[in-house]
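Structure data follow from work32.cif (mmCIF, C-alpha atoms and all ligand atoms):
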data_run
loop_
_atom_site.label_atom_id
_atom_site.label_comp_id
_atom_site.auth_asym_id
_atom_site.auth_seq_id
_atom_site.Cartn_x
_atom_site.Cartn_y
_atom_site.Cartn_z
CA MET M 189 -8.63 -24.06 4.55
CA LYS M 190 -10.75 -21.34 6.06
CA ILE M 191 -9.40 -17.84 5.48
CA LEU M 192 -10.33 -14.49 7.04
CA ILE M 193 -9.41 -11.29 5.18
CA LEU M 194 -9.54 -7.98 7.05
CA GLY M 195 -10.42 -4.72 5.31
CA SER M 196 -12.84 -3.31 2.77
CA GLY M 197 -10.92 -1.66 -0.06
CA GLY M 198 -9.62 -2.49 -3.52
CA ARG M 199 -6.50 -4.05 -2.01
CA GLU M 200 -8.60 -6.41 0.07
CA HIS M 201 -10.86 -7.35 -2.87
CA THR M 202 -7.69 -8.19 -4.83
CA LEU M 203 -6.34 -10.30 -1.95
CA THR M 204 -9.70 -12.09 -1.75
CA TRP M 205 -9.83 -12.64 -5.54
CA LYS M 206 -6.31 -14.07 -5.62
CA THR M 207 -6.75 -16.20 -2.49
CA ALA M 208 -9.98 -17.64 -3.92
CA GLN M 209 -7.94 -19.07 -6.83
CA SER M 210 -6.08 -21.39 -4.44
CA CYS M 211 -7.29 -24.98 -4.55
CA ALA M 212 -6.54 -25.23 -0.81
CA VAL M 213 -9.35 -22.78 0.01
CA ASP M 214 -12.72 -24.03 1.25
CA GLN M 215 -14.19 -20.80 2.62
CA ILE M 216 -13.20 -17.13 2.73
CA TYR M 217 -14.66 -14.67 5.22
CA CYS M 218 -14.09 -10.92 4.92
CA ALA M 219 -14.45 -8.43 7.75
CA PRO M 220 -16.09 -6.14 6.96
CA GLY M 221 -15.61 -6.55 3.16
CA ASN M 222 -17.34 -4.68 0.34
CA GLY M 223 -19.78 -5.34 -2.48
CA GLY M 224 -17.21 -7.06 -4.68
CA MET M 225 -15.78 -9.21 -1.91
CA ALA M 226 -19.32 -10.33 -1.04
CA GLN M 227 -19.52 -11.99 -4.48
CA ILE M 228 -16.72 -14.45 -3.67
CA ALA M 229 -16.61 -14.54 0.12
CA GLN M 230 -18.87 -14.31 3.13
CA CYS M 231 -18.78 -10.81 4.63
CA VAL M 232 -18.87 -10.60 8.41
CA ASP M 233 -20.11 -7.52 10.24
CA LEU M 234 -16.94 -6.90 12.28
CA ARG M 235 -14.86 -3.73 12.14
CA VAL M 236 -11.10 -3.95 11.65
CA ASP M 237 -10.54 -2.15 14.98
CA ASP M 238 -12.57 -4.76 16.91
CA LEU M 239 -9.49 -6.85 17.64
CA ASP M 240 -11.08 -9.05 20.30
CA GLY M 241 -14.19 -9.60 18.18
CA LEU M 242 -12.03 -10.65 15.24
CA ALA M 243 -9.95 -13.04 17.38
CA ASP M 244 -13.15 -14.55 18.84
CA PHE M 245 -14.52 -15.03 15.32
CA ALA M 246 -11.26 -16.62 14.07
CA GLU M 247 -11.28 -19.00 17.03
CA GLN M 248 -14.96 -19.93 16.74
CA GLN M 249 -14.69 -20.56 12.99
CA SER M 250 -11.30 -22.35 13.26
CA ILE M 251 -9.79 -19.94 10.72
CA ASP M 252 -6.55 -21.38 9.33
CA LEU M 253 -5.09 -18.03 8.26
CA THR M 254 -6.09 -14.38 8.76
CA ILE M 255 -4.73 -11.92 6.19
CA VAL M 256 -4.61 -8.25 7.23
CA GLY M 257 -5.09 -5.53 4.60
CA PRO M 258 -4.91 -2.12 6.32
CA GLU M 259 -2.25 -0.87 8.74
CA ALA M 260 -4.49 0.32 11.60
CA PRO M 261 -5.25 -3.10 13.18
CA LEU M 262 -1.56 -4.03 12.87
CA VAL M 263 -0.46 -0.84 14.63
CA ALA M 264 -3.08 -1.64 17.28
CA GLY M 265 -1.43 -5.05 17.82
CA ILE M 266 -3.70 -7.56 16.07
CA ALA M 267 -0.79 -9.83 15.10
CA ASP M 268 0.38 -9.96 18.73
CA LEU M 269 -3.13 -10.71 19.99
CA PHE M 270 -3.67 -13.50 17.45
CA ALA M 271 -0.23 -14.97 18.26
CA ARG M 272 -1.07 -14.99 21.99
CA ARG M 273 -4.27 -16.88 21.19
CA GLY M 274 -2.53 -19.33 18.83
CA LEU M 275 -4.29 -18.00 15.71
CA PRO M 276 -2.21 -17.86 12.49
CA ILE M 277 -2.11 -14.35 11.00
CA TYR M 278 -0.26 -12.74 8.09
CA GLY M 279 1.05 -9.34 9.20
CA PRO M 280 3.81 -7.88 11.40
CA THR M 281 3.76 -7.45 15.16
CA GLN M 282 3.19 -4.10 16.82
CA GLN M 283 6.90 -3.67 17.45
CA ALA M 284 7.87 -4.42 13.84
CA MET M 285 5.03 -2.12 12.70
CA GLN M 286 6.90 0.83 14.21
CA LEU M 287 8.68 0.94 10.87
CA GLU M 288 5.46 2.47 9.48
CA GLY M 289 3.88 3.69 12.71
CA SER M 290 6.80 5.88 13.80
CA LYS M 291 8.87 7.84 11.27
CA SER M 292 11.55 8.50 13.89
CA PHE M 293 11.83 4.77 14.70
CA ALA M 294 12.35 4.04 10.99
CA ARG M 295 14.93 6.79 10.44
CA ASP M 296 16.81 5.93 13.65
CA LEU M 297 16.96 2.25 12.68
CA LEU M 298 18.26 3.04 9.18
CA ARG M 299 20.90 5.36 10.64
CA LYS M 300 21.95 2.92 13.39
CA TYR M 301 22.55 0.13 10.85
CA SER M 302 24.08 2.49 8.21
CA ILE M 303 21.38 1.52 5.72
CA ASP M 304 21.02 5.07 4.48
CA ASP M 305 22.60 8.45 5.03
CA ILE M 306 19.60 10.77 4.89
CA ARG M 307 20.08 13.95 6.96
CA PHE M 308 17.34 14.22 9.60
CA GLU M 309 16.67 15.19 13.21
CA VAL M 310 13.82 14.38 15.59
CA PHE M 311 12.13 17.05 17.73
CA ASP M 312 9.41 17.33 20.37
CA GLU M 313 9.85 21.06 20.82
CA ALA M 314 8.86 23.60 18.15
CA GLY M 315 11.61 26.16 18.79
CA ALA M 316 14.41 23.64 18.26
CA ALA M 317 12.70 22.20 15.17
CA LYS M 318 12.34 25.68 13.64
CA ALA M 319 15.96 26.56 14.39
CA TYR M 320 17.03 23.35 12.59
CA VAL M 321 14.85 24.25 9.58
CA ARG M 322 16.40 27.74 9.40
CA ARG M 323 19.88 26.25 9.62
CA ARG M 324 19.28 23.68 6.88
CA GLY M 325 17.15 25.82 4.53
CA VAL M 326 14.44 24.75 2.09
CA PRO M 327 13.11 22.64 0.48
CA ILE M 328 12.81 20.49 3.58
CA VAL M 329 10.40 17.81 4.78
CA VAL M 330 8.50 17.94 8.08
CA LYS M 331 6.79 14.71 9.14
CA ALA M 332 4.45 14.00 12.02
CA ASP M 333 5.97 10.95 13.69
CA GLY M 334 2.85 8.78 13.82
CA LEU M 335 0.11 7.74 11.42
CA ALA M 336 -1.86 10.79 10.30
CA ALA M 337 -4.09 9.50 7.48
CA GLY M 338 -1.60 10.57 4.82
CA LYS M 339 -1.71 14.22 5.93
CA GLY M 340 1.23 14.27 8.34
CA VAL M 341 3.97 14.92 5.79
CA LYS M 342 4.74 18.41 4.48
CA VAL M 343 7.26 19.02 1.73
CA ALA M 344 7.98 22.66 2.56
CA GLN M 345 9.22 24.98 -0.16
CA THR M 346 9.50 27.94 2.23
CA ILE M 347 10.63 28.38 5.85
CA GLU M 348 7.12 29.66 6.66
CA GLU M 349 5.50 26.45 5.35
CA ALA M 350 7.89 24.30 7.37
CA GLU M 351 7.29 26.35 10.52
CA ALA M 352 3.52 26.23 10.07
CA HIS M 353 3.61 22.41 9.84
CA ILE M 354 5.85 22.22 12.92
CA ASP M 355 3.30 24.37 14.78
CA LEU M 356 0.41 22.26 13.49
CA CYS M 357 2.06 19.12 14.89
CA LEU M 358 3.76 20.30 18.07
CA GLU M 359 1.79 23.38 19.18
CA GLU M 360 -1.74 22.95 17.83
CA GLY M 361 -2.22 19.19 18.23
CA GLY M 362 -3.35 18.95 14.60
CA PHE M 363 -2.64 15.21 14.48
CA GLY M 364 -3.25 14.34 18.13
CA SER M 365 -0.52 12.18 19.67
CA ALA M 366 0.71 11.24 16.15
CA GLY M 367 2.14 14.77 15.99
CA ASP M 368 3.76 14.92 19.44
CA VAL M 369 7.12 14.35 17.74
CA VAL M 370 8.27 15.53 14.30
CA VAL M 371 11.01 14.32 12.02
CA VAL M 372 12.64 17.05 9.92
CA GLU M 373 14.57 15.56 7.03
CA GLU M 374 16.23 16.43 3.77
CA CYS M 375 14.03 16.64 0.70
CA LEU M 376 14.73 13.79 -1.71
CA VAL M 377 14.38 14.71 -5.36
CA GLY M 378 13.77 12.28 -8.23
CA PRO M 379 11.20 9.82 -9.60
CA GLU M 380 9.35 7.70 -7.05
CA CYS M 381 8.98 3.96 -7.17
CA SER M 382 8.03 1.25 -4.74
CA ILE M 383 8.99 -2.34 -4.20
CA LYS M 384 7.08 -4.69 -1.93
CA VAL M 385 8.53 -7.87 -0.54
CA PHE M 386 7.33 -10.93 1.33
CA SER M 387 9.36 -11.41 4.52
CA ASP M 388 9.24 -14.25 7.03
CA GLY M 389 11.67 -12.45 9.34
CA GLU M 390 14.71 -13.92 7.63
CA THR M 391 14.00 -14.70 3.99
CA VAL M 392 12.97 -11.76 1.81
CA VAL M 393 11.42 -12.27 -1.63
CA PRO M 394 10.54 -9.24 -3.78
CA MET M 395 7.31 -8.81 -5.70
CA VAL M 396 7.26 -7.16 -9.12
CA SER M 397 7.64 -3.35 -9.10
CA SER M 398 4.71 -0.95 -9.32
CA GLN M 399 4.02 2.76 -9.30
CA ASP M 400 0.92 4.60 -8.15
CA TYR M 401 -0.49 8.07 -8.85
CA LYS M 402 -1.25 9.99 -5.67
CA ARG M 403 -2.75 13.25 -6.96
CA ILE M 404 -6.39 13.63 -7.95
CA GLY M 405 -5.81 15.46 -11.24
CA ASP M 406 -4.18 14.70 -14.58
CA GLY M 407 -0.54 15.71 -14.77
CA ASP M 408 -0.18 15.06 -11.01
CA THR M 409 -2.12 18.14 -10.01
CA GLY M 410 -4.51 18.83 -7.14
CA ASN M 411 -4.93 17.17 -3.77
CA ASN M 412 -3.31 14.00 -2.55
CA THR M 413 -5.52 10.91 -2.54
CA GLY M 414 -5.24 7.29 -1.47
CA GLY M 415 -4.11 6.54 -5.05
CA MET M 416 -5.85 7.17 -8.38
CA GLY M 417 -4.23 4.45 -10.46
CA CYS M 418 -1.20 2.30 -10.88
CA TYR M 419 0.92 0.23 -13.22
CA SER M 420 3.36 -2.66 -13.07
CA PRO M 421 6.22 -3.10 -13.82
CA VAL M 422 8.00 0.31 -13.56
CA PRO M 423 9.92 0.85 -16.83
CA ALA M 424 12.14 3.53 -15.20
CA LEU M 425 13.43 0.97 -12.69
CA ASP M 426 16.25 -1.03 -14.26
CA GLN M 427 17.29 -4.43 -12.87
CA ALA M 428 20.44 -3.09 -11.19
CA THR M 429 18.47 -0.43 -9.30
CA PHE M 430 15.77 -2.96 -8.38
CA ASP M 431 18.45 -5.32 -7.03
CA TYR M 432 20.16 -2.49 -5.13
CA ILE M 433 16.90 -1.57 -3.37
CA VAL M 434 16.22 -5.18 -2.39
CA GLU M 435 19.77 -6.19 -1.45
CA LYS M 436 21.18 -2.96 0.04
CA LEU M 437 18.10 -1.35 1.56
CA VAL M 438 15.26 -3.80 2.23
CA LYS M 439 17.14 -6.97 3.23
CA PRO M 440 19.42 -5.07 5.66
CA THR M 441 16.32 -3.43 7.17
CA VAL M 442 14.69 -6.82 7.80
CA ALA M 443 17.98 -8.09 9.25
CA ALA M 444 18.23 -4.97 11.46
CA LEU M 445 14.70 -5.52 12.79
CA ALA M 446 15.54 -9.15 13.60
CA GLU M 447 18.72 -7.98 15.35
CA GLU M 448 16.62 -5.57 17.43
CA GLY M 449 14.35 -8.47 18.40
CA TYR M 450 11.41 -7.59 16.11
CA PRO M 451 11.44 -10.15 13.28
CA TYR M 452 9.33 -8.83 10.42
CA VAL M 453 6.66 -11.22 9.13
CA GLY M 454 4.40 -9.95 6.37
CA THR M 455 4.52 -7.62 3.40
CA LEU M 456 7.02 -4.79 3.56
CA TYR M 457 6.57 -1.87 1.19
CA ALA M 458 9.64 0.24 0.45
CA GLY M 459 8.79 3.64 -1.01
CA CYS M 460 11.91 4.97 -2.73
CA ILE M 461 13.12 8.03 -4.58
CA LEU M 462 15.59 7.52 -7.41
CA THR M 463 17.89 10.47 -6.64
CA ASP M 464 20.98 11.39 -8.64
CA LYS M 465 22.98 9.83 -5.78
CA GLY M 466 21.11 6.52 -6.16
CA PRO M 467 17.91 5.09 -4.68
CA LYS M 468 16.96 6.40 -1.22
CA LEU M 469 14.27 5.25 1.17
CA LEU M 470 11.43 7.71 1.45
CA GLU M 471 9.38 5.57 3.84
CA TYR M 472 8.36 2.06 4.73
CA ASN M 473 4.80 0.81 4.86
CA CYS M 474 4.10 -2.46 6.62
CA ARG M 475 1.38 -3.88 4.37
CA PHE M 476 0.35 -4.42 0.76
CA GLY M 477 -0.10 -1.13 -1.14
CA ASP M 478 -3.42 0.16 -2.40
CA PRO M 479 -3.87 0.35 -5.42
CA GLU M 480 -0.49 -1.35 -6.06
CA THR M 481 -1.86 -4.75 -5.01
CA GLN M 482 -4.39 -4.45 -7.85
CA VAL M 483 -1.56 -4.50 -10.45
CA VAL M 484 0.92 -6.76 -8.64
CA LEU M 485 -1.20 -9.80 -7.72
CA PRO M 486 -2.73 -10.25 -11.21
CA ARG M 487 0.88 -10.87 -12.38
CA LEU M 488 1.53 -13.58 -9.76
CA ASP M 489 1.61 -17.14 -11.13
CA THR M 490 2.23 -18.87 -7.80
CA ASP M 491 -0.58 -19.71 -5.38
CA LEU M 492 -0.76 -16.66 -3.06
CA LEU M 493 -2.02 -18.71 -0.15
CA GLU M 494 0.97 -21.04 -0.39
CA ILE M 495 3.30 -18.01 -0.15
CA LEU M 496 1.46 -16.40 2.77
CA GLN M 497 1.26 -19.65 4.71
CA ALA M 498 4.97 -20.35 4.19
CA THR M 499 5.75 -16.78 5.29
CA VAL M 500 3.79 -17.15 8.52
CA GLU M 501 5.43 -20.54 9.17
CA GLY M 502 8.97 -19.16 8.60
CA ARG M 503 9.71 -21.28 5.52
CA LEU M 504 9.45 -18.73 2.72
CA ASP M 505 12.76 -20.07 1.37
CA GLU M 506 10.94 -23.27 0.38
CA VAL M 507 8.56 -21.56 -2.07
CA GLU M 508 9.39 -20.88 -5.71
CA ILE M 509 7.62 -17.62 -6.57
CA ALA M 510 6.88 -16.97 -10.25
CA TRP M 511 5.49 -13.89 -11.99
CA HIS M 512 4.40 -13.45 -15.56
CA ASP M 513 5.60 -10.81 -17.96
CA ALA M 514 2.30 -9.11 -18.75
CA ARG M 515 1.93 -5.38 -18.19
CA CYS M 516 -0.84 -4.39 -15.79
CA VAL M 517 -2.70 -1.09 -15.44
CA CYS M 518 -5.32 -0.07 -12.86
CA VAL M 519 -7.52 3.00 -13.27
CA VAL M 520 -9.26 4.06 -10.08
CA VAL M 521 -12.85 5.23 -10.60
CA ALA M 522 -13.88 7.63 -7.83
CA SER M 523 -16.89 9.56 -6.56
CA GLY M 524 -17.07 13.17 -7.82
CA GLY M 525 -15.55 15.51 -5.22
CA TYR M 526 -13.14 12.92 -3.75
CA PRO M 527 -10.77 13.39 -1.87
CA ASP M 528 -12.86 16.23 -0.41
CA LYS M 529 -16.61 16.04 0.11
CA TYR M 530 -18.45 13.48 -2.04
CA GLU M 531 -21.80 11.70 -2.11
CA THR M 532 -22.39 7.96 -1.84
CA GLY M 533 -25.38 5.71 -2.53
CA LYS M 534 -25.31 6.16 -6.32
CA PRO M 535 -26.33 3.10 -8.40
CA ILE M 536 -23.44 1.74 -10.50
CA ILE M 537 -24.17 0.45 -14.00
CA GLY M 538 -22.07 -1.40 -16.56
CA LEU M 539 -20.04 -3.53 -14.13
CA GLU M 540 -20.96 -6.88 -15.64
CA ASP M 541 -20.24 -5.81 -19.22
CA ALA M 542 -16.88 -4.28 -18.22
CA ALA M 543 -15.84 -7.44 -16.39
CA LYS M 544 -16.60 -9.52 -19.51
CA LEU M 545 -13.79 -7.80 -21.44
CA GLU M 546 -10.78 -10.05 -21.95
CA ASP M 547 -8.04 -9.69 -19.31
CA VAL M 548 -10.04 -7.16 -17.30
CA VAL M 549 -10.88 -7.45 -13.61
CA VAL M 550 -12.93 -4.81 -11.83
CA PHE M 551 -11.87 -4.64 -8.18
CA HIS M 552 -14.35 -3.02 -5.84
CA ALA M 553 -13.20 -0.48 -3.25
CA GLY M 554 -16.09 1.70 -2.04
CA THR M 555 -19.14 -0.31 -3.08
CA ALA M 556 -22.06 -1.93 -1.31
CA GLN M 557 -24.88 -4.12 -2.60
CA GLN M 558 -28.52 -3.25 -1.99
CA SER M 559 -31.17 -5.67 -3.29
CA GLY M 560 -28.77 -6.97 -5.92
CA GLN M 561 -27.75 -3.48 -7.12
CA PHE M 562 -24.20 -2.23 -6.57
CA MET M 563 -24.09 1.27 -5.08
CA THR M 564 -21.20 3.66 -4.45
CA ASN M 565 -20.11 3.57 -0.83
CA GLY M 566 -16.81 5.47 -0.67
CA GLY M 567 -14.44 7.94 -2.32
CA ARG M 568 -12.50 5.44 -4.36
CA VAL M 569 -15.21 3.20 -5.80
CA LEU M 570 -13.52 0.76 -8.21
CA GLY M 571 -10.07 -0.26 -9.44
CA VAL M 572 -10.55 -1.15 -13.09
CA THR M 573 -7.58 -3.37 -13.92
CA ALA M 574 -6.34 -4.84 -17.18
CA LEU M 575 -3.44 -7.00 -18.32
CA GLY M 576 -1.82 -6.78 -21.73
CA GLU M 577 1.29 -7.82 -23.59
CA THR M 578 2.20 -4.14 -23.82
CA PHE M 579 1.36 -1.14 -21.65
CA GLY M 580 -0.50 0.24 -24.67
CA ALA M 581 -2.81 -2.79 -24.77
CA ALA M 582 -3.30 -2.96 -20.97
CA ARG M 583 -4.04 0.75 -20.74
CA GLU M 584 -6.50 0.71 -23.64
CA ARG M 585 -8.42 -2.20 -22.07
CA ALA M 586 -8.48 -0.61 -18.62
CA TYR M 587 -9.86 2.66 -20.01
CA GLU M 588 -12.34 0.84 -22.28
CA ALA M 589 -13.70 -0.98 -19.23
CA ALA M 590 -13.70 2.19 -17.09
CA GLU M 591 -15.77 3.97 -19.78
CA MET M 592 -18.37 1.16 -19.76
CA ILE M 593 -19.07 1.78 -16.08
CA ASP M 594 -21.16 4.71 -14.94
CA PHE M 595 -22.66 6.34 -11.87
CA GLU M 596 -23.66 9.88 -10.98
CA GLY M 597 -20.56 12.01 -10.42
CA LYS M 598 -18.09 9.35 -11.69
CA TYR M 599 -14.50 10.61 -11.96
CA HIS M 600 -11.19 9.11 -13.04
CA ARG M 601 -7.87 10.46 -14.20
CA SER M 602 -7.26 10.15 -17.93
CA ASP M 603 -3.46 9.87 -17.87
CA ILE M 604 -2.82 6.71 -15.83
CA ALA M 605 0.14 4.78 -17.32
CA GLN M 606 0.43 7.26 -20.20
CA ARG M 607 4.14 7.65 -19.44
CA THR M 608 4.70 3.89 -19.70
CA VAL M 609 3.16 3.86 -23.17
CA GLU M 610 5.40 6.78 -24.16
CA ALA M 611 8.44 4.89 -22.77
CA GLU M 612 7.40 1.83 -24.78
CA GLU M 613 7.00 3.87 -27.96
CA SER M 614 10.40 5.54 -27.56
CA VAL M 615 12.26 2.17 -27.48
N1 LIG W 1 -0.43 3.57 -2.63
C1 LIG W 1 0.22 3.93 -1.47
C2 LIG W 1 -0.06 3.13 -0.28
O1 LIG W 1 -0.63 2.06 -0.32
O2 LIG W 1 0.32 3.57 0.81
#

Just give me the structure of the file as structure tokens.
Amino acid sequence: MKILILGSGGREHTLTWKTAQSCAVDQIYCAPGNGGMAQIAQCVDLRVDDLDGLADFAEQQSIDLTIVGPEAPLVAGIADLFARRGLPIYGPTQQAMQLEGSKSFARDLLRKYSIDDIRFEVFDEAGAAKAYVRRRGVPIVVKADGLAAGKGVKVAQTIEEAEAHIDLCLEEGGFGSAGDVVVVEECLVGPECSIKVFSDGETVVPMVSSQDYKRIGDGDTGNNTGGMGCYSPVPALDQATFDYIVEKLVKPTVAALAEEGYPYVGTLYAGCILTDKGPKLLEYNCRFGDPETQVVLPRLDTDLLEILQATVEGRLDEVEIAWHDARCVCVVVASGGYPDKYETGKPIIGLEDAAKLEDVVVFHAGTAQQSGQFMTNGGRVLGVTALGETFGAARERAYEAAEMIDFEGKYHRSDIAQRTVEAEESV
């Protein structure tokens, strides 16, 4: 089979690495790819927003399956375009993508089908939104309706903060059309966790659980990032809670989308908060997580390509999906200054030695190769990932490997998966 993988981050390197293990694969292309993906696939100079260019390429090369990493091309309708041109693609249609692309669509759907009971209202006028905030009190959450590069959500601790975010969205155009509507909703309190599933529109099969770290600093301090590390499974998530999320939240959501006429085909990512009233949906993302993919796919025993192909062909129920018990930890190594201003083009050393460590894989995110030398080419540079029988062992290996790698300005958190080791030690 010939496979095309879209994207250029750690998630996409992981998808490429796992897909390359399938004996059905003859050739993998990545568009645009990164330094690590270039080692196992052929990188093609096409941007993920060049939908027509990508469809032309898939047609010319007779690509058997295109796998989409990031959300932007899906929101722009790449799955619909490929379907119109008879090109197999793994990822939801534009209408199903509204689950991620419009917060009000997601909340309205969950309310309509009684999937959750979160208190929220939707506004396109600042005065009414502010009056609602004053009536409900704080803490309260104000969300720009559309995709806003992770900056559209404000957890407001004061009325002033909530009002300022409403103004930013509705009065000042701070997020363009993504902020033309806001959702104001109750603030959910409790530990976060996420569960991703494969869905062919009817059958839903969960992946193993994972948890990421969003803040830049140790102890969850500082600015939000794309994710500074991750682990799988989530010890705080017991089997009953896991089953509740899949059976009572995710499966009914997929059924609701089908009922609305938007069958969901692809990976669905349920971000949840474990409140004292039970698990609640914080948000849906319509794709694999990053860096969650880096700790989930190394635990997959089944051929990934077989699963994705069956999903696209609507026969996910025919595939037996198996995971192994190992613990997995990913430490993201970033450029100094990220997520604010940072420099790129720094030579990276120690990659080969780190990758030689047992049960370690170094996934590339922001890297490029110049004359055989890997250089930094983004904020998040690498996802240093290790498996182990215990979280202690996996974490030690991941940090040992991360310490063997160096470049000017290198930064990583030092507390990734620390809490899992503490949970292990307290048993
Ligand atoms: N790690 C969060 C995300 O992929 O959206």

Within 8 Å of ligand LIG 1 (chain W) (counting all atoms listed in the file), which residues show up? I'd like them as a PyMOL selection string. chain M and resi 400-402+414-415+473+475-480

Set out as a tab-separated table a contact list for segment 498-557 of chain M and segment 253-263 of chain M with a cut-off of 12 Å, giving each residue of segment 498-557 of chain M that qualifies its closest atom pair and distance in Å to one decimal, counting all atoms listed in the file, ordered by chain and rising residue number.
residue	atom	partner	partner_atom	distance
M:Ala498	CA	M:Leu253	CA	11.1
M:Thr499	CA	M:Leu253	CA	11.3
M:Val500	CA	M:Leu253	CA	8.9
M:Glu501	CA	M:Leu253	CA	10.9

Could you make a table, as a tab-separated table, of the residues of segment 478-554 of chain M that have an atom within 9 Å of an atom of segment 210-222 of chain M, each with its nearest atom pair and distance in Å to one decimal, counting all atoms listed in the file, in chain and number order?
residue	atom	partner	partner_atom	distance
M:Asp491	CA	M:Ser210	CA	5.8
M:Leu492	CA	M:Ser210	CA	7.3
M:Leu493	CA	M:Ser210	CA	6.5
M:Glu494	CA	M:Ser210	CA	8.1
M:His552	CA	M:Asn222	CA	7.1
M:Ala553	CA	M:Asn222	CA	6.9
M:Gly554	CA	M:Asn222	CA	6.9

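Across M:Val369, M:Val341, M:Cys231, M:Leu358, the tightest approach to Asn412 of chain M is made by M:Val341 when counting all atoms listed in the file.
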
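Note that the spacing between atom CA of Glu591 of chain M and atom CA of Met416 of chain M amounts to 15.4 Å.
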
In file coordinates, which residues lie within 10 Å of (2.6, 14.6, 16.2) using only C-alpha atoms, given as a PyMOL selection string? chain M and resi 290+311-312+331-336+340+354-371

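Between atom CA of Glu435 of chain M and atom CA of Gln482 of chain M lies a distance of 25.1 Å.
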
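Atom to atom, atom CA of Tyr452 of chain M and atom CA of Pro440 of chain M stand 11.8 Å apart.
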
With a distance cut-off of 12 Å and only C-alpha atoms, select the neighbouring residues of Val343 of chain M, excluding the residue or stretch itself and same-chain residues fewer than 2 positions from it, and output the selection as a list in words. Val326, Pro327, Ile328, Val329, Val330, Lys331, Ala332, Lys339, Gly340, Val341, Gln345, Thr346, Ile347, Glu348, Glu349, Ala350, Glu351, Ala352, His353, Ile354, Val371, Val372, Glu373, Glu374, Cys375, Leu376 and Val377 of chain M

Based on the selection just made, write C-alpha atoms of those residues as a PDB file, in the frame of the given file.
ATOM      1  CA  VAL M 326      14.440  24.750   2.090  1.00  0.00           C
ATOM      2  CA  PRO M 327      13.110  22.640   0.480  1.00  0.00           C
ATOM      3  CA  ILE M 328      12.810  20.490   3.580  1.00  0.00           C
ATOM      4  CA  VAL M 329      10.400  17.810   4.780  1.00  0.00           C
ATOM      5  CA  VAL M 330       8.500  17.940   8.080  1.00  0.00           C
ATOM      6  CA  LYS M 331       6.790  14.710   9.140  1.00  0.00           C
ATOM      7  CA  ALA M 332       4.450  14.000  12.020  1.00  0.00           C
ATOM      8  CA  LYS M 339      -1.710  14.220   5.930  1.00  0.00           C
ATOM      9  CA  GLY M 340       1.230  14.270   8.340  1.00  0.00           C
ATOM     10  CA  VAL M 341       3.970  14.920   5.790  1.00  0.00           C
ATOM     11  CA  GLN M 345       9.220  24.980  -0.160  1.00  0.00           C
ATOM     12  CA  THR M 346       9.500  27.940   2.230  1.00  0.00           C
ATOM     13  CA  ILE M 347      10.630  28.380   5.850  1.00  0.00           C
ATOM     14  CA  GLU M 348       7.120  29.660   6.660  1.00  0.00           C
ATOM     15  CA  GLU M 349       5.500  26.450   5.350  1.00  0.00           C
ATOM     16  CA  ALA M 350       7.890  24.300   7.370  1.00  0.00           C
ATOM     17  CA  GLU M 351       7.290  26.350  10.520  1.00  0.00           C
ATOM     18  CA  ALA M 352       3.520  26.230  10.070  1.00  0.00           C
ATOM     19  CA  HIS M 353       3.610  22.410   9.840  1.00  0.00           C
ATOM     20  CA  ILE M 354       5.850  22.220  12.920  1.00  0.00           C
ATOM     21  CA  VAL M 371      11.010  14.320  12.020  1.00  0.00           C
ATOM     22  CA  VAL M 372      12.640  17.050   9.920  1.00  0.00           C
ATOM     23  CA  GLU M 373      14.570  15.560   7.030  1.00  0.00           C
ATOM     24  CA  GLU M 374      16.230  16.430   3.770  1.00  0.00           C
ATOM     25  CA  CYS M 375      14.030  16.640   0.700  1.00  0.00           C
ATOM     26  CA  LEU M 376      14.730  13.790  -1.710  1.00  0.00           C
ATOM     27  CA  VAL M 377      14.380  14.710  -5.360  1.00  0.00           C
TER      28      VAL M 377
END

Pick from M:Lys544, M:Arg601, M:Lys468, M:His201 nearest to Gly410 of chain M, counting only C-alpha atoms: M:Arg601

Can you tell me, as a PDB file with C-alpha atoms, in the coordinates of the input, which residues sit within 6 Å of (-1.6, -6.3, -16.0) in the file's frame, using only C-alpha atoms?
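Ended up saving to part34.pdb:
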ATOM      1  CA  VAL M 483      -1.560  -4.500 -10.450  1.00  0.00           C
ATOM      2  CA  ALA M 514       2.300  -9.110 -18.750  1.00  0.00           C
ATOM      3  CA  ARG M 515       1.930  -5.380 -18.190  1.00  0.00           C
ATOM      4  CA  CYS M 516      -0.840  -4.390 -15.790  1.00  0.00           C
ATOM      5  CA  VAL M 517      -2.700  -1.090 -15.440  1.00  0.00           C
ATOM      6  CA  ALA M 574      -6.340  -4.840 -17.180  1.00  0.00           C
ATOM      7  CA  LEU M 575      -3.440  -7.000 -18.320  1.00  0.00           C
ATOM      8  CA  GLY M 576      -1.820  -6.780 -21.730  1.00  0.00           C
TER       9      GLY M 576
END

Give me the residues near Tyr599 of chain M as a PyMOL selection string, where near means some atom within 8 Å (using all atoms listed in the file) and where sequence neighbours in that chain fewer than 5 positions away do not count. chain M and resi 521-524

Generate a file of the selected residues that holds C-alpha atoms, formatted as a PDB file, in the coordinates of the input.
ATOM      1  CA  VAL M 521     -12.850   5.230 -10.600  1.00  0.00           C
ATOM      2  CA  ALA M 522     -13.880   7.630  -7.830  1.00  0.00           C
ATOM      3  CA  SER M 523     -16.890   9.560  -6.560  1.00  0.00           C
ATOM      4  CA  GLY M 524     -17.070  13.170  -7.820  1.00  0.00           C
TER       5      GLY M 524
END

For Ala590 of chain M, list every protein, DNA or RNA residue within 8 Å, evaluated using only C-alpha atoms, and leave out those in the same chain fewer than 5 positions away; present the list as a CSV table (one decimal) with C-alpha atoms, in the frame of the given file.
chain,number,residue,atom,x,y,z
M,519,VAL,CA,-7.5,3.0,-13.3
M,521,VAL,CA,-12.8,5.2,-10.6
M,542,ALA,CA,-16.9,-4.3,-18.2
M,572,VAL,CA,-10.6,-1.2,-13.1
